[in-house]
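Structure file my_file.cif (mmCIF, N, CA and C atoms) follows.
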data_work
#
loop_
_atom_site.label_atom_id
_atom_site.label_comp_id
_atom_site.auth_asym_id
_atom_site.auth_seq_id
_atom_site.Cartn_x
_atom_site.Cartn_y
_atom_site.Cartn_z
N MET A 1233 26.74 12.75 11.23
CA MET A 1233 26.63 14.18 11.06
C MET A 1233 26.09 14.79 12.34
N GLU A 1234 26.78 15.74 12.88
CA GLU A 1234 26.37 16.41 14.11
C GLU A 1234 25.77 17.77 13.76
N ILE A 1235 24.58 18.02 14.27
CA ILE A 1235 23.96 19.33 14.07
C ILE A 1235 23.98 20.08 15.39
N GLY A 1236 23.86 21.39 15.30
CA GLY A 1236 23.91 22.23 16.49
C GLY A 1236 22.72 22.01 17.40
N CYS A 1237 22.90 22.35 18.67
CA CYS A 1237 21.82 22.18 19.64
C CYS A 1237 20.64 23.09 19.30
N ASP A 1238 20.90 24.25 18.70
CA ASP A 1238 19.80 25.12 18.29
C ASP A 1238 18.98 24.45 17.17
N THR A 1239 19.67 23.82 16.24
CA THR A 1239 18.98 23.11 15.16
C THR A 1239 18.20 21.93 15.72
N LYS A 1240 18.80 21.20 16.64
CA LYS A 1240 18.10 20.06 17.25
C LYS A 1240 16.80 20.51 17.91
N ALA A 1241 16.84 21.63 18.61
CA ALA A 1241 15.64 22.13 19.29
C ALA A 1241 14.55 22.48 18.29
N VAL A 1242 14.93 23.10 17.17
CA VAL A 1242 13.93 23.49 16.17
C VAL A 1242 13.39 22.28 15.43
N VAL A 1243 14.26 21.32 15.10
CA VAL A 1243 13.80 20.10 14.42
C VAL A 1243 12.85 19.32 15.33
N LEU A 1244 13.19 19.20 16.60
CA LEU A 1244 12.29 18.53 17.55
C LEU A 1244 10.94 19.23 17.60
N THR A 1245 10.97 20.55 17.65
CA THR A 1245 9.72 21.31 17.68
C THR A 1245 8.90 21.07 16.41
N ALA A 1246 9.57 21.02 15.26
CA ALA A 1246 8.87 20.73 14.00
C ALA A 1246 8.19 19.37 14.08
N GLY A 1247 8.88 18.38 14.63
CA GLY A 1247 8.29 17.05 14.78
C GLY A 1247 7.10 17.05 15.71
N LEU A 1248 7.20 17.80 16.79
CA LEU A 1248 6.08 17.87 17.75
C LEU A 1248 4.87 18.57 17.14
N ILE A 1249 5.11 19.62 16.38
CA ILE A 1249 4.00 20.30 15.70
C ILE A 1249 3.38 19.38 14.66
N PHE A 1250 4.20 18.59 13.96
CA PHE A 1250 3.67 17.64 12.99
C PHE A 1250 2.82 16.58 13.67
N LEU A 1251 3.29 16.05 14.80
CA LEU A 1251 2.50 15.08 15.57
C LEU A 1251 1.18 15.71 16.01
N TRP A 1252 1.24 16.95 16.47
CA TRP A 1252 0.04 17.69 16.87
C TRP A 1252 -0.92 17.79 15.68
N ALA A 1253 -0.38 18.07 14.48
CA ALA A 1253 -1.22 18.16 13.28
C ALA A 1253 -1.93 16.84 13.01
N LEU A 1254 -1.21 15.74 13.20
CA LEU A 1254 -1.84 14.43 12.97
C LEU A 1254 -2.96 14.18 13.98
N LEU A 1255 -2.75 14.57 15.21
CA LEU A 1255 -3.80 14.44 16.23
C LEU A 1255 -4.99 15.34 15.91
N LEU A 1256 -4.71 16.54 15.41
CA LEU A 1256 -5.80 17.41 14.98
C LEU A 1256 -6.55 16.81 13.81
N GLY A 1257 -5.85 16.07 12.96
CA GLY A 1257 -6.51 15.37 11.86
C GLY A 1257 -7.49 14.33 12.36
N ALA A 1258 -7.15 13.67 13.47
CA ALA A 1258 -8.09 12.70 14.06
C ALA A 1258 -9.33 13.42 14.58
N TRP A 1259 -9.13 14.59 15.21
CA TRP A 1259 -10.27 15.39 15.69
C TRP A 1259 -11.12 15.82 14.50
N LYS A 1260 -10.48 16.28 13.45
CA LYS A 1260 -11.20 16.70 12.25
C LYS A 1260 -12.00 15.53 11.67
N TYR A 1261 -11.37 14.37 11.56
CA TYR A 1261 -12.07 13.19 11.03
C TYR A 1261 -13.30 12.87 11.89
N ARG A 1262 -13.12 12.91 13.22
CA ARG A 1262 -14.23 12.58 14.12
C ARG A 1262 -15.41 13.52 13.89
N GLN A 1263 -15.10 14.81 13.75
CA GLN A 1263 -16.18 15.77 13.48
C GLN A 1263 -16.82 15.52 12.11
N MET A 1264 -16.01 15.19 11.13
CA MET A 1264 -16.55 14.91 9.79
C MET A 1264 -17.46 13.68 9.83
N ALA A 1265 -17.03 12.65 10.54
CA ALA A 1265 -17.80 11.41 10.61
C ALA A 1265 -19.12 11.61 11.36
N ALA A 1266 -19.14 12.54 12.30
CA ALA A 1266 -20.34 12.76 13.11
C ALA A 1266 -21.27 13.82 12.53
N SER A 1267 -20.81 14.52 11.50
CA SER A 1267 -21.57 15.62 10.94
C SER A 1267 -22.51 15.14 9.84
N GLU A 1268 -23.68 15.74 9.78
CA GLU A 1268 -24.64 15.40 8.72
C GLU A 1268 -24.12 15.78 7.34
N ASP A 1269 -23.36 16.89 7.27
CA ASP A 1269 -22.85 17.33 5.98
C ASP A 1269 -21.44 16.82 5.69
N GLY A 1270 -20.89 16.04 6.60
CA GLY A 1270 -19.57 15.45 6.39
C GLY A 1270 -18.42 16.43 6.56
N LEU A 1271 -18.69 17.58 7.18
CA LEU A 1271 -17.66 18.59 7.35
C LEU A 1271 -17.36 18.82 8.82
N ALA A 1272 -16.10 19.06 9.10
CA ALA A 1272 -15.70 19.49 10.44
C ALA A 1272 -15.97 20.98 10.56
N HIS A 1273 -15.98 21.48 11.80
CA HIS A 1273 -16.10 22.93 11.99
C HIS A 1273 -14.95 23.60 11.25
N PRO A 1274 -15.21 24.76 10.62
CA PRO A 1274 -14.15 25.41 9.83
C PRO A 1274 -12.85 25.62 10.61
N TYR A 1275 -12.93 25.95 11.88
CA TYR A 1275 -11.70 26.21 12.63
C TYR A 1275 -11.00 24.93 13.07
N VAL A 1276 -11.69 23.82 13.12
CA VAL A 1276 -11.01 22.54 13.33
C VAL A 1276 -10.22 22.20 12.07
N ASP A 1277 -10.84 22.43 10.93
CA ASP A 1277 -10.16 22.22 9.65
C ASP A 1277 -8.96 23.15 9.52
N ILE A 1278 -9.13 24.42 9.87
CA ILE A 1278 -8.03 25.38 9.79
C ILE A 1278 -6.91 25.00 10.74
N ALA A 1279 -7.24 24.59 11.96
CA ALA A 1279 -6.20 24.19 12.92
C ALA A 1279 -5.38 23.03 12.37
N HIS A 1280 -6.05 22.04 11.80
CA HIS A 1280 -5.36 20.88 11.24
C HIS A 1280 -4.43 21.29 10.11
N ARG A 1281 -4.95 22.05 9.17
CA ARG A 1281 -4.14 22.46 8.02
C ARG A 1281 -3.01 23.38 8.43
N ALA A 1282 -3.29 24.32 9.33
CA ALA A 1282 -2.25 25.25 9.78
C ALA A 1282 -1.13 24.49 10.48
N ALA A 1283 -1.48 23.54 11.32
CA ALA A 1283 -0.45 22.78 12.03
C ALA A 1283 0.42 22.00 11.05
N LEU A 1284 -0.20 21.42 10.02
CA LEU A 1284 0.60 20.73 9.00
C LEU A 1284 1.57 21.70 8.33
N LEU A 1285 1.07 22.83 7.90
CA LEU A 1285 1.92 23.81 7.22
C LEU A 1285 2.99 24.37 8.15
N TYR A 1286 2.61 24.70 9.37
CA TYR A 1286 3.58 25.25 10.32
C TYR A 1286 4.65 24.24 10.70
N SER A 1287 4.32 22.94 10.69
CA SER A 1287 5.35 21.95 11.01
C SER A 1287 6.45 21.98 9.96
N PHE A 1288 6.08 22.10 8.70
CA PHE A 1288 7.07 22.16 7.64
C PHE A 1288 7.77 23.52 7.60
N ALA A 1289 7.05 24.57 7.93
CA ALA A 1289 7.69 25.88 8.03
C ALA A 1289 8.74 25.87 9.13
N THR A 1290 8.45 25.19 10.22
CA THR A 1290 9.40 25.09 11.32
C THR A 1290 10.62 24.29 10.89
N LEU A 1291 10.42 23.27 10.10
CA LEU A 1291 11.56 22.51 9.58
C LEU A 1291 12.42 23.38 8.67
N LEU A 1292 11.80 24.25 7.89
CA LEU A 1292 12.56 25.19 7.07
C LEU A 1292 13.37 26.15 7.94
N LEU A 1293 12.78 26.59 9.05
CA LEU A 1293 13.52 27.43 9.98
C LEU A 1293 14.76 26.70 10.49
N ALA A 1294 14.63 25.39 10.73
CA ALA A 1294 15.76 24.60 11.22
C ALA A 1294 16.91 24.61 10.23
N VAL A 1295 16.61 24.58 8.95
CA VAL A 1295 17.66 24.63 7.93
C VAL A 1295 18.41 25.96 8.02
N PHE A 1296 17.67 27.05 8.12
CA PHE A 1296 18.32 28.35 8.24
C PHE A 1296 19.11 28.47 9.54
N VAL A 1297 18.59 27.91 10.62
CA VAL A 1297 19.33 27.91 11.89
C VAL A 1297 20.66 27.18 11.72
N GLU A 1298 20.62 26.01 11.12
CA GLU A 1298 21.84 25.20 10.97
C GLU A 1298 22.87 25.89 10.09
N LEU A 1299 22.42 26.61 9.09
CA LEU A 1299 23.34 27.23 8.13
C LEU A 1299 23.66 28.69 8.44
N SER A 1300 23.14 29.19 9.56
CA SER A 1300 23.35 30.57 9.95
C SER A 1300 24.74 30.78 10.54
N GLY A 1301 25.27 31.95 10.33
CA GLY A 1301 26.55 32.32 10.93
C GLY A 1301 26.37 33.02 12.26
N PHE A 1302 25.15 33.21 12.70
CA PHE A 1302 24.90 33.89 13.96
C PHE A 1302 25.05 32.93 15.13
N SER A 1303 25.08 33.49 16.31
CA SER A 1303 25.27 32.67 17.52
C SER A 1303 24.05 31.79 17.80
N THR A 1304 24.28 30.78 18.61
CA THR A 1304 23.20 29.88 19.01
C THR A 1304 22.04 30.65 19.63
N ALA A 1305 22.36 31.60 20.50
CA ALA A 1305 21.31 32.38 21.17
C ALA A 1305 20.48 33.18 20.17
N VAL A 1306 21.16 33.86 19.24
CA VAL A 1306 20.44 34.64 18.23
C VAL A 1306 19.56 33.73 17.38
N ASN A 1307 20.11 32.59 16.96
CA ASN A 1307 19.34 31.65 16.14
C ASN A 1307 18.13 31.12 16.89
N LEU A 1308 18.30 30.77 18.16
CA LEU A 1308 17.17 30.24 18.93
C LEU A 1308 16.07 31.28 19.09
N ILE A 1309 16.45 32.50 19.41
CA ILE A 1309 15.45 33.56 19.56
C ILE A 1309 14.76 33.82 18.23
N ALA A 1310 15.56 33.94 17.16
CA ALA A 1310 14.99 34.24 15.84
C ALA A 1310 14.06 33.13 15.38
N ALA A 1311 14.36 31.88 15.71
CA ALA A 1311 13.49 30.77 15.31
C ALA A 1311 12.27 30.65 16.19
N PHE A 1312 12.45 30.81 17.50
CA PHE A 1312 11.34 30.54 18.39
C PHE A 1312 10.34 31.68 18.51
N VAL A 1313 10.68 32.87 18.04
CA VAL A 1313 9.65 33.92 17.98
C VAL A 1313 8.57 33.53 16.96
N PRO A 1314 8.93 33.20 15.71
CA PRO A 1314 7.88 32.74 14.79
C PRO A 1314 7.19 31.46 15.27
N ILE A 1315 7.96 30.54 15.83
CA ILE A 1315 7.36 29.29 16.31
C ILE A 1315 6.32 29.58 17.40
N PHE A 1316 6.62 30.53 18.30
CA PHE A 1316 5.64 30.92 19.31
C PHE A 1316 4.33 31.34 18.65
N PHE A 1317 4.44 32.17 17.61
CA PHE A 1317 3.23 32.64 16.94
C PHE A 1317 2.55 31.53 16.14
N PHE A 1318 3.32 30.60 15.57
CA PHE A 1318 2.72 29.44 14.91
C PHE A 1318 1.84 28.69 15.91
N VAL A 1319 2.41 28.40 17.07
CA VAL A 1319 1.70 27.64 18.10
C VAL A 1319 0.49 28.42 18.61
N ALA A 1320 0.67 29.72 18.84
CA ALA A 1320 -0.44 30.54 19.34
C ALA A 1320 -1.59 30.56 18.33
N ALA A 1321 -1.28 30.63 17.05
CA ALA A 1321 -2.32 30.63 16.03
C ALA A 1321 -3.08 29.31 16.04
N ILE A 1322 -2.36 28.20 16.11
CA ILE A 1322 -3.01 26.89 16.13
C ILE A 1322 -3.92 26.77 17.35
N VAL A 1323 -3.42 27.20 18.50
CA VAL A 1323 -4.24 27.15 19.73
C VAL A 1323 -5.49 27.99 19.56
N GLY A 1324 -5.34 29.18 18.99
CA GLY A 1324 -6.51 30.04 18.75
C GLY A 1324 -7.53 29.37 17.84
N TYR A 1325 -7.05 28.73 16.79
CA TYR A 1325 -7.96 28.02 15.89
C TYR A 1325 -8.66 26.88 16.62
N MET A 1326 -7.91 26.18 17.45
CA MET A 1326 -8.50 25.07 18.21
C MET A 1326 -9.59 25.57 19.15
N ILE A 1327 -9.35 26.70 19.78
CA ILE A 1327 -10.36 27.26 20.70
C ILE A 1327 -11.63 27.58 19.94
N HIS A 1328 -11.50 28.24 18.79
CA HIS A 1328 -12.71 28.54 18.00
C HIS A 1328 -13.38 27.25 17.51
N GLY A 1329 -12.59 26.25 17.15
CA GLY A 1329 -13.16 24.98 16.72
C GLY A 1329 -13.88 24.25 17.83
N ALA A 1330 -13.32 24.28 19.03
CA ALA A 1330 -13.95 23.61 20.16
C ALA A 1330 -15.21 24.35 20.61
N ARG A 1331 -15.15 25.66 20.62
CA ARG A 1331 -16.31 26.46 21.03
C ARG A 1331 -17.38 26.54 19.95
N ARG A 1332 -16.96 26.36 18.70
CA ARG A 1332 -17.87 26.52 17.56
C ARG A 1332 -18.53 27.90 17.60
N ASP A 1333 -17.74 28.90 17.95
CA ASP A 1333 -18.29 30.23 18.19
C ASP A 1333 -18.25 31.16 16.97
N THR A 1334 -17.50 30.80 15.94
CA THR A 1334 -17.43 31.65 14.75
C THR A 1334 -16.89 30.84 13.58
N ASP A 1335 -17.14 31.34 12.40
CA ASP A 1335 -16.48 30.79 11.22
C ASP A 1335 -15.55 31.84 10.62
N ASN A 1336 -15.42 33.00 11.32
CA ASN A 1336 -14.51 34.06 10.90
C ASN A 1336 -14.14 34.88 12.13
N GLN A 1337 -12.93 34.68 12.62
CA GLN A 1337 -12.51 35.32 13.86
C GLN A 1337 -12.36 36.85 13.73
N PHE A 1338 -12.40 37.36 12.52
CA PHE A 1338 -12.28 38.80 12.32
C PHE A 1338 -13.63 39.50 12.16
N ARG A 1339 -14.70 38.72 12.07
CA ARG A 1339 -16.02 39.32 11.93
C ARG A 1339 -16.38 40.10 13.20
N ASP A 1340 -16.27 39.48 14.33
CA ASP A 1340 -16.50 40.12 15.63
C ASP A 1340 -15.29 39.81 16.51
N PRO A 1341 -14.16 40.47 16.26
CA PRO A 1341 -12.92 40.10 16.96
C PRO A 1341 -12.99 40.40 18.45
N VAL A 1342 -12.34 39.54 19.24
CA VAL A 1342 -12.22 39.80 20.66
C VAL A 1342 -11.18 40.90 20.85
N PRO A 1343 -11.24 41.62 21.97
CA PRO A 1343 -10.22 42.65 22.21
C PRO A 1343 -8.81 42.05 22.13
N GLY A 1344 -7.94 42.75 21.45
CA GLY A 1344 -6.56 42.29 21.32
C GLY A 1344 -6.27 41.53 20.05
N THR A 1345 -7.30 41.20 19.27
CA THR A 1345 -7.09 40.42 18.05
C THR A 1345 -6.17 41.15 17.08
N HIS A 1346 -6.44 42.40 16.82
CA HIS A 1346 -5.64 43.12 15.82
C HIS A 1346 -4.22 43.42 16.33
N PRO A 1347 -4.03 43.84 17.60
CA PRO A 1347 -2.65 43.97 18.08
C PRO A 1347 -1.88 42.64 18.03
N PHE A 1348 -2.57 41.54 18.34
CA PHE A 1348 -1.92 40.23 18.24
C PHE A 1348 -1.49 39.95 16.81
N MET A 1349 -2.35 40.27 15.85
CA MET A 1349 -2.01 40.03 14.45
C MET A 1349 -0.80 40.86 14.01
N TRP A 1350 -0.73 42.11 14.49
CA TRP A 1350 0.45 42.93 14.17
C TRP A 1350 1.71 42.33 14.79
N ALA A 1351 1.60 41.90 16.04
CA ALA A 1351 2.75 41.27 16.70
C ALA A 1351 3.15 39.99 15.97
N LEU A 1352 2.17 39.21 15.55
CA LEU A 1352 2.43 37.98 14.80
C LEU A 1352 3.20 38.29 13.52
N MET A 1353 2.73 39.27 12.76
CA MET A 1353 3.40 39.61 11.50
C MET A 1353 4.83 40.10 11.74
N ILE A 1354 5.00 40.97 12.70
CA ILE A 1354 6.33 41.49 13.00
C ILE A 1354 7.24 40.37 13.51
N GLY A 1355 6.72 39.52 14.41
CA GLY A 1355 7.52 38.43 14.97
C GLY A 1355 7.91 37.39 13.94
N GLU A 1356 6.95 36.98 13.13
CA GLU A 1356 7.25 35.96 12.12
C GLU A 1356 8.19 36.49 11.04
N ILE A 1357 7.88 37.64 10.51
CA ILE A 1357 8.71 38.22 9.45
C ILE A 1357 10.09 38.57 10.00
N GLY A 1358 10.12 39.18 11.17
CA GLY A 1358 11.40 39.56 11.77
C GLY A 1358 12.28 38.37 12.08
N GLY A 1359 11.73 37.33 12.67
CA GLY A 1359 12.51 36.14 13.00
C GLY A 1359 13.07 35.47 11.76
N VAL A 1360 12.24 35.34 10.73
CA VAL A 1360 12.70 34.73 9.49
C VAL A 1360 13.76 35.61 8.82
N ALA A 1361 13.57 36.92 8.85
CA ALA A 1361 14.56 37.83 8.25
C ALA A 1361 15.91 37.70 8.94
N VAL A 1362 15.91 37.58 10.26
CA VAL A 1362 17.17 37.40 10.99
C VAL A 1362 17.85 36.10 10.56
N LEU A 1363 17.08 35.02 10.47
CA LEU A 1363 17.66 33.73 10.07
C LEU A 1363 18.20 33.77 8.64
N ILE A 1364 17.50 34.43 7.75
CA ILE A 1364 17.99 34.55 6.38
C ILE A 1364 19.26 35.39 6.37
N ALA A 1365 19.30 36.44 7.17
CA ALA A 1365 20.52 37.26 7.26
C ALA A 1365 21.69 36.42 7.78
N GLY A 1366 21.44 35.56 8.76
CA GLY A 1366 22.48 34.68 9.27
C GLY A 1366 22.96 33.70 8.22
N PHE A 1367 22.04 33.21 7.41
CA PHE A 1367 22.40 32.32 6.31
C PHE A 1367 23.28 33.06 5.29
N VAL A 1368 22.83 34.23 4.90
CA VAL A 1368 23.59 35.03 3.93
C VAL A 1368 24.98 35.33 4.48
N ASP A 1369 25.04 35.71 5.75
CA ASP A 1369 26.33 36.01 6.39
C ASP A 1369 27.29 34.83 6.32
N ALA A 1370 26.80 33.65 6.60
CA ALA A 1370 27.68 32.47 6.68
C ALA A 1370 27.89 31.78 5.35
N GLN A 1371 26.90 31.80 4.49
CA GLN A 1371 26.98 30.96 3.29
C GLN A 1371 27.22 31.72 1.99
N ILE A 1372 26.96 33.02 1.98
CA ILE A 1372 27.04 33.75 0.72
C ILE A 1372 28.14 34.82 0.76
N LEU A 1373 28.24 35.55 1.86
CA LEU A 1373 29.23 36.63 1.93
C LEU A 1373 30.61 36.11 2.26
#
File written out as structure tokens:
Amino acid sequence: MEIGCDTKAVVLTAGLIFLWALLLGAWKYRQMAASEDGLAHPYVDIAHRAALLYSFATLLLAVFVELSGFSTAVNLIAAFVPIFFFVAAIVGYMIHGARRDTDNQFRDPVPGTHPFMWALMIGEIGGVAVLIAGFVDAQIL
């Protein structure tokens, strides 16, 4: 079975995010083992869980890419906009976990936090909506 190059790129990215999640799990375990209360920093825990969830979300994007009737370029852009924000969120969580600077990034947000969140919502929802439209175009209509 041959899949499109756009699908291959997204599936590979899903695998890399999953591998990253497993590595974050090792970091989380290390913090848990070294902690008196047996807990990792909340943002280390969030980074690990988010990476696991985003890896599977990225795999779901790959399915829509493969079944889309849109062009390779449209599919790649529509998939990688949300993936960019998935990765950016994980990196942000990792930074807070490494710095141990907060347990709630919205309590005292750094400048740009809220515009980034709006861009994230628009990018993720928009990218997924385009892929679903491509699926509907090719598979339902």
Name every residue that the PyMOL selection byres (((chain A and resi 1259 and name CA) around 12) and name CA) selects in this structure, writing the answer as a PDB file with N, CA and C atoms, in the coordinates of the input with chains first and numbers rising.
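Listing of part14.pdb after writing:
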ATOM      1  N   TRP A1252       1.240  16.950  16.470  1.00  0.00           N
ATOM      2  CA  TRP A1252       0.040  17.690  16.870  1.00  0.00           C
ATOM      3  C   TRP A1252      -0.920  17.790  15.680  1.00  0.00           C
ATOM      4  N   ALA A1253      -0.380  18.070  14.480  1.00  0.00           N
ATOM      5  CA  ALA A1253      -1.220  18.160  13.280  1.00  0.00           C
ATOM      6  C   ALA A1253      -1.930  16.840  13.010  1.00  0.00           C
ATOM      7  N   LEU A1254      -1.210  15.740  13.200  1.00  0.00           N
ATOM      8  CA  LEU A1254      -1.840  14.430  12.970  1.00  0.00           C
ATOM      9  C   LEU A1254      -2.960  14.180  13.980  1.00  0.00           C
ATOM     10  N   LEU A1255      -2.750  14.570  15.210  1.00  0.00           N
ATOM     11  CA  LEU A1255      -3.800  14.440  16.230  1.00  0.00           C
ATOM     12  C   LEU A1255      -4.990  15.340  15.910  1.00  0.00           C
ATOM     13  N   LEU A1256      -4.710  16.540  15.410  1.00  0.00           N
ATOM     14  CA  LEU A1256      -5.800  17.410  14.980  1.00  0.00           C
ATOM     15  C   LEU A1256      -6.550  16.810  13.810  1.00  0.00           C
ATOM     16  N   GLY A1257      -5.850  16.070  12.960  1.00  0.00           N
ATOM     17  CA  GLY A1257      -6.510  15.370  11.860  1.00  0.00           C
ATOM     18  C   GLY A1257      -7.490  14.330  12.360  1.00  0.00           C
ATOM     19  N   ALA A1258      -7.150  13.670  13.470  1.00  0.00           N
ATOM     20  CA  ALA A1258      -8.090  12.700  14.060  1.00  0.00           C
ATOM     21  C   ALA A1258      -9.330  13.420  14.580  1.00  0.00           C
ATOM     22  N   LYS A1260     -10.480  16.280  13.450  1.00  0.00           N
ATOM     23  CA  LYS A1260     -11.200  16.700  12.250  1.00  0.00           C
ATOM     24  C   LYS A1260     -12.000  15.530  11.670  1.00  0.00           C
ATOM     25  N   TYR A1261     -11.370  14.370  11.560  1.00  0.00           N
ATOM     26  CA  TYR A1261     -12.070  13.190  11.030  1.00  0.00           C
ATOM     27  C   TYR A1261     -13.300  12.870  11.890  1.00  0.00           C
ATOM     28  N   ARG A1262     -13.120  12.910  13.220  1.00  0.00           N
ATOM     29  CA  ARG A1262     -14.230  12.580  14.120  1.00  0.00           C
ATOM     30  C   ARG A1262     -15.410  13.520  13.890  1.00  0.00           C
ATOM     31  N   GLN A1263     -15.100  14.810  13.750  1.00  0.00           N
ATOM     32  CA  GLN A1263     -16.180  15.770  13.480  1.00  0.00           C
ATOM     33  C   GLN A1263     -16.820  15.520  12.110  1.00  0.00           C
ATOM     34  N   MET A1264     -16.010  15.190  11.130  1.00  0.00           N
ATOM     35  CA  MET A1264     -16.550  14.910   9.790  1.00  0.00           C
ATOM     36  C   MET A1264     -17.460  13.680   9.830  1.00  0.00           C
ATOM     37  N   ALA A1265     -17.030  12.650  10.540  1.00  0.00           N
ATOM     38  CA  ALA A1265     -17.800  11.410  10.610  1.00  0.00           C
ATOM     39  C   ALA A1265     -19.120  11.610  11.360  1.00  0.00           C
ATOM     40  N   ALA A1266     -19.140  12.540  12.300  1.00  0.00           N
ATOM     41  CA  ALA A1266     -20.340  12.760  13.110  1.00  0.00           C
ATOM     42  C   ALA A1266     -21.270  13.820  12.530  1.00  0.00           C
ATOM     43  N   LEU A1271     -18.690  17.580   7.180  1.00  0.00           N
ATOM     44  CA  LEU A1271     -17.660  18.590   7.350  1.00  0.00           C
ATOM     45  C   LEU A1271     -17.360  18.820   8.820  1.00  0.00           C
ATOM     46  N   ALA A1272     -16.100  19.060   9.100  1.00  0.00           N
ATOM     47  CA  ALA A1272     -15.700  19.490  10.440  1.00  0.00           C
ATOM     48  C   ALA A1272     -15.970  20.980  10.560  1.00  0.00           C
ATOM     49  N   HIS A1273     -15.980  21.480  11.800  1.00  0.00           N
ATOM     50  CA  HIS A1273     -16.100  22.930  11.990  1.00  0.00           C
ATOM     51  C   HIS A1273     -14.950  23.600  11.250  1.00  0.00           C
ATOM     52  N   TYR A1275     -12.930  25.950  11.880  1.00  0.00           N
ATOM     53  CA  TYR A1275     -11.700  26.210  12.630  1.00  0.00           C
ATOM     54  C   TYR A1275     -11.000  24.930  13.070  1.00  0.00           C
ATOM     55  N   VAL A1276     -11.690  23.820  13.120  1.00  0.00           N
ATOM     56  CA  VAL A1276     -11.010  22.540  13.330  1.00  0.00           C
ATOM     57  C   VAL A1276     -10.220  22.200  12.070  1.00  0.00           C
ATOM     58  N   ASP A1277     -10.840  22.430  10.930  1.00  0.00           N
ATOM     59  CA  ASP A1277     -10.160  22.220   9.650  1.00  0.00           C
ATOM     60  C   ASP A1277      -8.960  23.150   9.520  1.00  0.00           C
ATOM     61  N   ILE A1278      -9.130  24.420   9.870  1.00  0.00           N
ATOM     62  CA  ILE A1278      -8.030  25.380   9.790  1.00  0.00           C
ATOM     63  C   ILE A1278      -6.910  25.000  10.740  1.00  0.00           C
ATOM     64  N   ALA A1279      -7.240  24.590  11.960  1.00  0.00           N
ATOM     65  CA  ALA A1279      -6.200  24.190  12.920  1.00  0.00           C
ATOM     66  C   ALA A1279      -5.380  23.030  12.370  1.00  0.00           C
ATOM     67  N   HIS A1280      -6.050  22.040  11.800  1.00  0.00           N
ATOM     68  CA  HIS A1280      -5.360  20.880  11.240  1.00  0.00           C
ATOM     69  C   HIS A1280      -4.430  21.290  10.110  1.00  0.00           C
ATOM     70  N   MET A1326      -7.910  26.180  17.450  1.00  0.00           N
ATOM     71  CA  MET A1326      -8.500  25.070  18.210  1.00  0.00           C
ATOM     72  C   MET A1326      -9.590  25.570  19.150  1.00  0.00           C
ATOM     73  N   GLY A1329     -12.590  26.250  17.150  1.00  0.00           N
ATOM     74  CA  GLY A1329     -13.160  24.980  16.720  1.00  0.00           C
ATOM     75  C   GLY A1329     -13.880  24.250  17.830  1.00  0.00           C
ATOM     76  N   ALA A1330     -13.320  24.280  19.030  1.00  0.00           N
ATOM     77  CA  ALA A1330     -13.950  23.610  20.160  1.00  0.00           C
ATOM     78  C   ALA A1330     -15.210  24.350  20.610  1.00  0.00           C
TER      79      ALA A1330
END
(request) One decimal, Å: what's the distance from atom N of Asp1335 in chain A over to CA of Ala1289 in chain A, could you say? (result)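 Separating atom N of Asp1335 in chain A from CA of Ala1289 in chain A is a distance of 25.8 Å.
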(message) Residues within 6 Å of range 1313-1318 of chain A, please, as number ranges by chain. Count all atoms listed in the file; anything in the same chain fewer than 6 positions from it doesn't count.
(response) A: 1352, 1355-1356, 1359
(request) Figure out the distance between atom C of Phe1288 in chain A and atom N of Ile1235 in chain A, please, to one decimal in Å. (result)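 If I compute the distance from atom N of Ile1235 in chain A to atom C of Phe1288 in chain A, I get 18.9 Å.
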(message) Every residue with an atom at most 5 Å from (16.7, 27.1, 17.5) (file coordinates; only N, CA and C atoms) is what I'm after, so could you write them as a ChimeraX atom specification?
(response) /A:1238-1239,1242,1307-1308
(request) Quick one: pick out all alpha helix (DSSP H) residues within chain A from a backbone DSSP run and write them as a PyMOL selection string. (result) chain A and resi 1237-1266+1274-1299+1304-1331+1345-1367
(message) Between CA of Ala1365 in chain A and CA of Thr1290 in chain A, what distance in Å does the model show, to one decimal?
(response)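 Between CA of Ala1365 in chain A and CA of Thr1290 in chain A the gap works out to 17.0 Å.
Residues surrounding Ala1305 in chain A within 12 Å are Gly1236, Cys1237, Asp1238, Thr1239, Ala1241, Val1297, Ser1300, Gly1301, Phe1302, Ser1303, Asn1307, Leu1308, Ile1309, Ala1310, Ala1311, Phe1312 and Leu1363 of chain A [only C-alpha atoms; sequence separation below 2 positions excluded].
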(message) Let me make sure I understand: among A:Leu1299, A:Pro1274, A:Leu1248, A:Ala1351, which one has the smallest atom-to-atom distance to Asn1336 in chain A if we use only C-alpha atoms?
(response) A:Pro1274
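Shortest atom-to-atom contact with Thr1245 in chain A among A:Gln1337, A:Ser1267, A:Thr1345, A:Ser1287: A:Ser1287, counting only C-alpha atoms.
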